[in-house]
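Content type mmCIF, C-alpha atoms, from the file protein30.cif:
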data_work
loop_
_atom_site.label_atom_id
_atom_site.label_comp_id
_atom_site.auth_asym_id
_atom_site.auth_seq_id
_atom_site.Cartn_x
_atom_site.Cartn_y
_atom_site.Cartn_z
CA MET A 151 70.47 84.46 102.31
CA ALA A 152 68.71 86.84 104.66
CA ALA A 153 65.82 88.82 103.19
CA GLN A 154 66.89 92.09 104.82
CA PRO A 155 69.24 93.85 102.37
CA VAL A 156 72.67 95.09 103.39
CA ARG A 157 72.43 98.87 103.02
CA VAL A 158 75.58 100.16 101.32
CA GLY A 159 77.32 103.52 101.25
CA VAL A 160 80.27 104.21 98.94
CA ILE A 161 82.81 106.91 99.86
CA GLY A 162 84.79 108.15 96.87
CA LEU A 163 83.33 107.93 93.36
CA GLY A 164 86.48 107.75 91.27
CA PHE A 165 87.32 104.64 89.26
CA MET A 166 87.20 102.25 92.20
CA GLY A 167 84.11 103.83 93.71
CA ALA A 168 82.32 103.63 90.37
CA THR A 169 83.43 100.00 90.11
CA HIS A 170 82.00 99.22 93.56
CA VAL A 171 78.71 100.96 92.71
CA ALA A 172 78.35 98.87 89.55
CA ALA A 173 79.26 95.66 91.41
CA TYR A 174 76.70 96.23 94.18
CA GLN A 175 74.01 96.95 91.61
CA ALA A 176 74.88 93.83 89.59
CA ALA A 177 74.84 91.75 92.77
CA ALA A 178 71.40 93.11 93.71
CA ARG A 179 70.07 92.28 90.24
CA ASP A 180 71.32 88.71 90.71
CA GLY A 181 69.49 88.31 93.99
CA PHE A 182 72.17 89.20 96.53
CA PRO A 183 70.61 91.12 99.44
CA CYS A 184 72.20 94.54 99.06
CA GLU A 185 71.05 98.04 98.20
CA LEU A 186 73.06 101.15 97.39
CA VAL A 187 71.58 103.80 99.67
CA ALA A 188 74.29 106.47 99.97
CA VAL A 189 77.33 107.88 98.21
CA CYS A 190 79.95 110.51 99.02
CA ASP A 191 82.16 112.58 96.74
CA ARG A 192 83.39 116.16 96.59
CA LYS A 193 82.28 116.56 92.96
CA ALA A 194 78.61 117.46 92.48
CA PRO A 195 78.22 115.67 89.11
CA ARG A 196 79.40 112.43 90.70
CA ARG A 197 77.00 112.84 93.59
CA ALA A 198 74.27 113.03 90.93
CA GLY A 199 75.41 109.72 89.46
CA ARG A 200 77.43 111.02 86.51
CA LEU A 201 80.60 108.93 86.74
CA SER A 202 81.86 108.91 83.15
CA ASP A 203 84.99 110.95 84.03
CA VAL A 204 86.59 108.50 86.46
CA GLY A 205 89.24 106.83 84.25
CA GLY A 206 90.41 103.31 85.03
CA ASN A 207 92.27 100.44 83.42
CA ILE A 208 89.75 97.56 83.51
CA GLY A 209 86.23 97.75 82.17
CA ASP A 210 84.28 100.52 80.51
CA LEU A 211 82.85 103.08 82.91
CA SER A 212 82.27 105.75 80.27
CA ASP A 213 78.47 105.31 80.03
CA PRO A 214 77.04 108.87 80.10
CA ARG A 215 73.83 107.66 81.77
CA PRO A 216 73.59 108.15 85.56
CA ALA A 217 75.16 105.26 87.46
CA PHE A 218 72.41 105.39 90.10
CA ASP A 219 69.10 107.12 90.78
CA ALA A 220 70.07 110.30 92.63
CA GLU A 221 66.50 110.66 93.91
CA ARG A 222 66.78 107.34 95.76
CA VAL A 223 70.44 107.45 96.86
CA ARG A 224 71.47 109.92 99.55
CA ALA A 225 74.52 112.00 98.57
CA TYR A 226 77.13 113.52 100.88
CA VAL A 227 80.12 115.80 100.41
CA ASP A 228 81.90 114.65 103.58
CA GLY A 229 82.73 111.04 104.42
CA ASP A 230 81.85 111.48 108.09
CA GLU A 231 78.32 112.49 107.10
CA LEU A 232 77.85 109.19 105.32
CA ILE A 233 79.41 107.30 108.22
CA ARG A 234 76.91 108.94 110.60
CA ASP A 235 73.99 107.87 108.39
CA ALA A 236 72.02 105.40 110.53
CA GLY A 237 70.61 103.82 107.37
CA VAL A 238 74.01 102.52 106.20
CA ASP A 239 75.25 99.07 107.25
CA LEU A 240 78.34 98.65 105.05
CA VAL A 241 80.77 101.34 103.91
CA SER A 242 82.93 100.85 100.83
CA ILE A 243 86.00 103.06 101.24
CA CYS A 244 87.28 103.98 97.77
CA THR A 245 89.14 107.21 98.48
CA ARG A 246 92.84 107.95 98.12
CA THR A 247 95.20 105.63 99.95
CA ASP A 248 96.28 108.06 102.66
CA THR A 249 92.66 108.46 103.83
CA HIS A 250 91.70 104.75 104.03
CA ALA A 251 92.78 103.95 107.57
CA ASP A 252 91.13 106.91 109.31
CA LEU A 253 87.87 106.43 107.42
CA ALA A 254 87.85 102.70 108.20
CA VAL A 255 88.44 103.33 111.90
CA ARG A 256 85.66 105.93 112.05
CA ALA A 257 83.26 103.64 110.18
CA LEU A 258 83.98 100.76 112.57
CA HIS A 259 83.57 103.00 115.62
CA ALA A 260 80.20 104.04 114.18
CA GLY A 261 79.10 100.41 114.06
CA LYS A 262 79.47 99.96 110.29
CA HIS A 263 81.00 97.08 108.41
CA ALA A 264 83.78 98.19 106.05
CA LEU A 265 85.23 97.12 102.71
CA VAL A 266 88.53 99.00 102.37
CA GLU A 267 90.20 99.43 99.01
CA LYS A 268 93.82 98.38 98.67
CA PRO A 269 96.28 99.24 99.94
CA VAL A 270 94.69 99.79 103.32
CA ALA A 271 97.67 102.05 104.11
CA LEU A 272 101.34 102.37 103.19
CA ASN A 273 102.41 102.33 106.83
CA VAL A 274 102.04 98.90 108.43
CA ASP A 275 101.30 100.43 111.84
CA GLU A 276 98.25 102.12 110.31
CA VAL A 277 97.07 98.79 108.92
CA ARG A 278 97.54 97.19 112.33
CA ARG A 279 95.49 100.01 113.85
CA VAL A 280 92.57 99.23 111.53
CA ARG A 281 92.94 95.53 112.27
CA ASP A 282 92.86 96.07 116.02
CA VAL A 283 89.82 98.34 115.88
CA ALA A 284 88.04 95.81 113.66
CA ARG A 285 88.75 93.02 116.16
CA ALA A 286 87.28 95.08 118.99
CA SER A 287 84.27 96.29 117.00
CA ASN A 288 82.53 93.00 116.27
CA ARG A 289 82.11 94.26 112.71
CA LEU A 290 83.39 92.83 109.45
CA CYS A 291 86.31 94.74 107.92
CA MET A 292 87.73 93.34 104.69
CA PRO A 293 90.58 94.62 102.52
CA ALA A 294 89.51 94.65 98.87
CA MET A 295 92.12 92.19 97.59
CA CYS A 296 90.16 91.44 94.43
CA MET A 297 92.58 88.94 92.86
CA ARG A 298 91.68 86.38 95.52
CA PHE A 299 88.19 86.48 93.98
CA TRP A 300 88.98 86.82 90.26
CA PRO A 301 87.52 83.59 88.81
CA ALA A 302 90.61 82.44 86.89
CA TRP A 303 92.85 83.26 89.84
CA ALA A 304 90.55 81.52 92.32
CA TRP A 305 90.69 78.55 89.94
CA LEU A 306 94.51 78.65 90.09
CA LYS A 307 94.48 78.73 93.90
CA ARG A 308 92.28 75.62 93.91
CA ARG A 309 94.63 73.78 91.52
CA ILE A 310 97.64 74.65 93.70
CA ASP A 311 95.80 73.37 96.78
CA ASP A 312 94.23 70.22 95.33
CA GLY A 313 97.33 68.99 93.47
CA SER A 314 95.29 67.84 90.47
CA PHE A 315 98.17 68.79 88.14
CA GLY A 316 100.84 67.80 90.62
CA ARG A 317 102.96 70.22 92.61
CA CYS A 318 103.17 73.83 91.48
CA THR A 319 106.84 74.30 90.56
CA GLY A 320 106.74 77.92 89.45
CA LEU A 321 104.56 80.99 89.01
CA THR A 322 105.18 84.12 86.95
CA LEU A 323 102.85 87.10 87.44
CA THR A 324 102.65 90.21 85.24
CA ARG A 325 100.61 93.38 85.88
CA ILE A 326 101.58 96.33 83.69
CA GLY A 327 99.93 99.31 82.02
CA ALA A 328 99.94 103.05 81.58
CA ALA A 329 100.39 105.13 84.68
CA PRO A 330 97.05 106.48 85.92
CA SER A 331 95.99 109.56 83.97
CA TRP A 332 93.34 110.38 86.58
CA SER A 333 94.36 112.01 89.89
CA GLY A 334 97.79 112.50 88.35
CA ALA A 335 99.30 114.59 91.14
CA PHE A 336 98.34 112.00 93.76
CA TYR A 337 99.74 109.02 91.86
CA ALA A 338 102.93 110.91 90.99
CA ASP A 339 103.65 111.38 94.71
CA ALA A 340 104.95 107.97 95.78
CA SER A 341 104.91 109.05 99.44
CA ARG A 342 101.10 109.13 99.15
CA SER A 343 100.30 106.53 96.50
CA GLY A 344 103.19 104.09 96.98
CA GLY A 345 103.78 104.06 93.24
CA ALA A 346 103.05 101.02 91.09
CA LEU A 347 104.45 98.86 93.90
CA ALA A 348 101.43 99.64 96.10
CA ASP A 349 98.88 100.35 93.37
CA LEU A 350 99.43 97.41 90.98
CA HIS A 351 102.03 95.03 92.31
CA VAL A 352 100.25 94.74 95.68
CA HIS A 353 97.72 92.42 94.01
CA ASP A 354 100.37 89.91 92.99
CA ALA A 355 102.28 90.17 96.26
CA ASP A 356 99.03 89.35 98.07
CA PHE A 357 98.29 86.47 95.71
CA VAL A 358 101.75 85.01 96.35
CA LEU A 359 101.02 85.11 100.10
CA PHE A 360 97.56 83.63 99.49
CA CYS A 361 98.97 80.67 97.54
CA PHE A 362 102.26 79.92 99.25
CA GLY A 363 102.45 81.81 102.53
CA ARG A 364 105.26 84.06 103.67
CA PRO A 365 108.45 83.74 101.58
CA SER A 366 111.81 83.27 103.24
CA SER A 367 113.35 86.12 101.23
CA VAL A 368 112.67 88.62 98.46
CA TYR A 369 114.90 90.22 95.86
CA SER A 370 113.47 93.19 93.95
CA VAL A 371 114.93 95.15 91.04
CA GLY A 372 113.81 98.38 89.39
CA ASP A 373 111.99 101.08 91.35
CA VAL A 374 108.59 101.65 92.94
CA ASN A 375 107.02 102.38 89.55
CA HIS A 376 108.47 99.33 87.78
CA VAL A 377 109.36 96.50 90.08
CA THR A 378 110.20 92.85 89.50
CA THR A 379 110.47 90.64 92.57
CA ALA A 380 111.73 87.09 92.98
CA TYR A 381 110.30 85.28 96.00
CA ARG A 382 112.13 82.42 97.63
CA PHE A 383 110.37 79.68 99.57
CA ASP A 384 112.09 77.01 101.64
CA GLY A 385 110.88 73.58 102.58
CA ALA A 386 109.72 70.46 100.83
CA GLY A 387 107.21 71.05 98.06
CA ALA A 388 107.90 74.78 97.78
CA PRO A 389 107.85 76.26 94.27
CA ALA A 390 111.33 76.88 92.90
CA HIS A 391 110.42 79.92 90.81
CA VAL A 392 107.98 82.68 91.84
CA VAL A 393 108.40 86.06 90.13
CA ALA A 394 106.07 89.06 89.84
CA GLU A 395 106.39 92.23 87.75
CA GLY A 396 104.32 95.38 88.26
CA ALA A 397 104.78 98.56 86.26
CA TRP A 398 103.33 101.89 85.28
CA LEU A 399 104.45 102.45 81.70
CA ALA A 400 104.11 105.16 79.04
CA PRO A 401 100.73 106.80 78.38
CA GLY A 402 98.60 104.70 76.07
CA THR A 403 100.17 101.39 77.10
CA ALA A 404 97.42 98.78 77.25
CA PHE A 405 96.78 97.19 80.62
CA ARG A 406 97.90 93.57 80.85
CA MET A 407 97.32 91.09 83.63
CA ARG A 408 98.81 87.61 83.20
CA TYR A 409 100.02 84.53 85.00
CA VAL A 410 101.89 81.44 83.88
CA ALA A 411 101.76 78.65 86.45
CA ALA A 412 103.99 75.60 85.98
CA PHE A 413 102.88 72.31 87.52
CA GLU A 414 104.47 68.89 87.39
CA ARG A 415 101.94 67.73 84.80
CA ALA A 416 100.58 70.90 83.20
CA THR A 417 101.03 74.61 82.55
CA ALA A 418 98.21 77.10 83.17
CA ASP A 419 98.36 80.35 81.18
CA PHE A 420 96.02 83.28 81.86
CA ASP A 421 96.03 86.53 79.87
CA LEU A 422 93.34 89.18 80.34
CA THR A 423 93.85 90.47 76.78
CA ARG A 424 93.22 87.11 75.09
CA ASP A 425 90.21 84.97 74.22
CA PRO A 426 90.15 82.41 75.74
CA GLN A 427 91.79 84.05 78.74
CA LEU A 428 92.72 80.80 80.51
CA VAL A 429 94.35 77.82 78.79
CA VAL A 430 95.83 74.66 80.32
CA TYR A 431 98.56 72.86 78.39
CA ARG A 432 99.18 69.16 79.00
CA ASP A 433 100.09 66.17 76.87
CA GLY A 434 100.88 68.50 73.98
CA VAL A 435 97.39 70.02 73.86
CA GLY A 436 96.05 73.38 74.99
CA GLU A 437 92.60 73.23 76.57
CA PRO A 438 90.55 76.40 77.22
CA VAL A 439 89.14 76.56 80.75
CA ASP A 440 85.63 77.91 81.20
CA VAL A 441 85.46 80.25 84.19
CA PRO A 442 82.75 82.79 85.14
CA ALA A 443 82.94 86.03 83.20
CA ARG A 444 82.46 88.19 86.30
CA SER A 445 85.39 90.22 87.55
CA GLY A 446 87.11 89.91 90.91
CA TYR A 447 85.39 93.15 91.91
CA ASP A 448 81.99 91.54 91.38
CA GLU A 449 83.01 88.40 93.25
CA GLU A 450 84.48 90.24 96.25
CA ILE A 451 81.33 92.37 96.59
CA ARG A 452 79.13 89.26 96.54
CA HIS A 453 81.43 87.61 99.07
CA VAL A 454 81.29 90.47 101.57
CA VAL A 455 77.54 90.99 101.14
CA GLY A 456 76.92 87.27 101.67
CA ALA A 457 79.12 87.22 104.77
CA ILE A 458 77.25 90.14 106.35
CA ALA A 459 73.80 88.92 105.34
CA ASN A 460 74.44 85.46 106.75
CA GLY A 461 76.20 86.64 109.91
CA LYS A 462 79.45 84.89 109.01
CA PRO A 463 82.52 86.66 110.37
CA ASP A 464 85.00 84.69 108.25
CA VAL A 465 86.01 86.23 104.93
CA ALA A 466 88.55 85.18 102.31
CA ALA A 467 90.68 88.32 102.83
CA THR A 468 91.32 89.59 106.34
CA MET A 469 92.97 92.55 107.99
CA ASP A 470 95.72 90.15 109.11
CA ASP A 471 96.28 89.52 105.40
CA ALA A 472 96.46 93.27 104.83
CA VAL A 473 99.15 93.51 107.52
CA SER A 474 101.09 90.65 105.93
CA VAL A 475 101.08 92.11 102.43
CA THR A 476 102.09 95.55 103.75
CA GLU A 477 105.04 93.93 105.55
CA LEU A 478 105.95 92.11 102.33
CA LEU A 479 105.85 95.33 100.29
CA ASP A 480 108.07 96.96 102.93
CA ALA A 481 110.62 94.18 102.39
CA GLU A 482 110.43 94.61 98.63
CA ARG A 483 110.87 98.37 98.96
CA ALA A 484 113.91 97.77 101.16
CA SER A 485 115.34 95.39 98.56
CA LEU A 486 114.90 98.04 95.87
CA GLU A 487 116.63 100.68 97.97
CA ARG A 488 119.50 98.48 99.20
CA ARG A 489 119.85 96.43 96.00
CA THR A 490 120.11 93.23 97.97
CA VAL A 491 118.18 90.20 99.09
CA ILE A 492 115.98 90.85 102.12
CA GLN A 493 115.42 87.97 104.53
CA LEU A 494 111.98 87.68 106.09
#
Structure re-expressed in structure tokens:
Amino acid sequence: MAAQPVRVGVIGLGFMGATHVAAYQAAARDGFPCELVAVCDRKAPRRAGRLSDVGGNIGDLSDPRPAFDAERVRAYVDGDELIRDAGVDLVSICTRTDTHADLAVRALHAGKHALVEKPVALNVDEVRRVRDVARASNRLCMPAMCMRFWPAWAWLKRRIDDGSFGRCTGLTLTRIGAAPSWSGAFYADASRSGGALADLHVHDADFVLFCFGRPSSVYSVGDVNHVTTAYRFDGAGAPAHVVAEGAWLAPGTAFRMRYVAAFERATADFDLTRDPQLVVYRDGVGEPVDVPARSGYDEEIRHVVGAIANGKPDVAATMDDAVSVTELLDAERASLERRTVIQL
């Protein structure tokens, strides 16, 4: 990798911003050429590195020690100030959903690379706007679709592609947990947050697209805060059964992320709450699978840093992918509202 570090600024120091900060720092410790040089948040304690109040459903961010050295990291109140900082190469946009697109466009116009938290926007035209600006900017702009990078999920994608267990005949995805207790007013307003459909279920909708491409139809039941969708795929070799559930549940409900993938000659079972998390069953025996302990957040940060450092424009999640998953969520939302199958 190039010796010159990618200089990073993080806008928004809530749960996702704190997660990005930790991931960049871990990547730097492991030799990836990146350096956190700037942050932005409206709250003064967060600008000083005190991020123990951010909430979250994966990982422990409650360490009372400063998350970064405030004497070495420039701190801004306004996102545009950070974007104008000539010493920033890559901007991580970790603010509320309805601010993502405008910040991404301004960062790209300023000559920055951008990593944009999901969902890029609720309105597909806004996502297309970011995509088009990114194409014209000659800068990397990646949606933070972290499940594409989560080690056990990347392993599953490889098994689907390489056919080592035979054809994948079915996939069941589960992502459930307590509704966010942080930024409660924002998350309670589905017109701004998109509900659990856009906050949680988006990960599994994207992973379905990543593995199998665009479905021929969707049928969703429930509502935007507890949705279950059946995806239909046509053509030879298509899986017969693909279902994903995403839900915000009662306060205190433990977060659970799981998949069960059926193949012709095996079943792969992943559960975040279990040790071992990933087990493959075949010939009557369950075999634990050893995968890296790093999270998908860590892996996506290393991926984007490596792409920028090495001058490689291709990334494993693109703004075209962000458009596709937004269109898919629109179809699922329509299915919920109309209580019918939606053809794509």
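Once the PyMOL selection byres ((chain A and resi 259) around 12) is applied to the shown structure, the selection contains Asp230, Ile233, Arg234, Asp252, Leu253, Ala254, Val255, Arg256, Ala257, Leu258, Ala260, Gly261, Lys262, His263, Ala264, Val280, Asp282, Val283, Ala284, Arg285, Ala286, Ser287, Asn288, Arg289, Leu290 and Cys291 of chain A.
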| remark: For A:Ala338, the closest of A:Leu232, A:Ala198, A:Ala304, A:Val374 counting only C-alpha atoms is A:Val374
| request: Please evaluate the PyMOL selection byres ((chain A and resi 399-409) around 9) against the displayed coordinates and give the resulting residues as a ChimeraX atom specification. | output: /A:207-208,303,321-331,375-376,394,397-398,410-411,418-423
| query | Which residues, written as a ChimeraX atom specification, have at least one atom at most 12 Å from stretch 474-484 of chain A, with only C-alpha atoms counted and residues fewer than 6 positions away on the same chain left out? | reply | /A:268-278,281,293,295,340,344-360,363-381,394-395,467-468,490-494
| field | the PyMOL selection byres ((chain A and resi 195-197) around 10) resolved against shown file, as an MDAnalysis selection string | value | chainID A and resid 162:164 168 188:194 198:204 216:218 220 223:227
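When all atoms listed in the file are used to compute distances to A:Ala251, the closest of the residues A:Arg279, A:Ser341, A:Cys296, A:Val430 turns out to be A:Arg279.
Each of A:Ser445, A:Thr249, A:Ser343, A:Thr319 was checked against A:Val392 using all atoms listed in the file; the smallest atom-to-atom distance is that of A:Thr319.
Proximity to A:Ala236 was assessed for A:Met166, A:Val158, A:Cys184, A:Val266 counting all atoms listed in the file; the smallest distance is recorded for A:Val158.
In this comparison, which uses only C-alpha atoms, the residue of A:Asp384, A:Glu267, A:Glu450, A:Asp228 approaching A:Gly167 most closely is A:Glu267.
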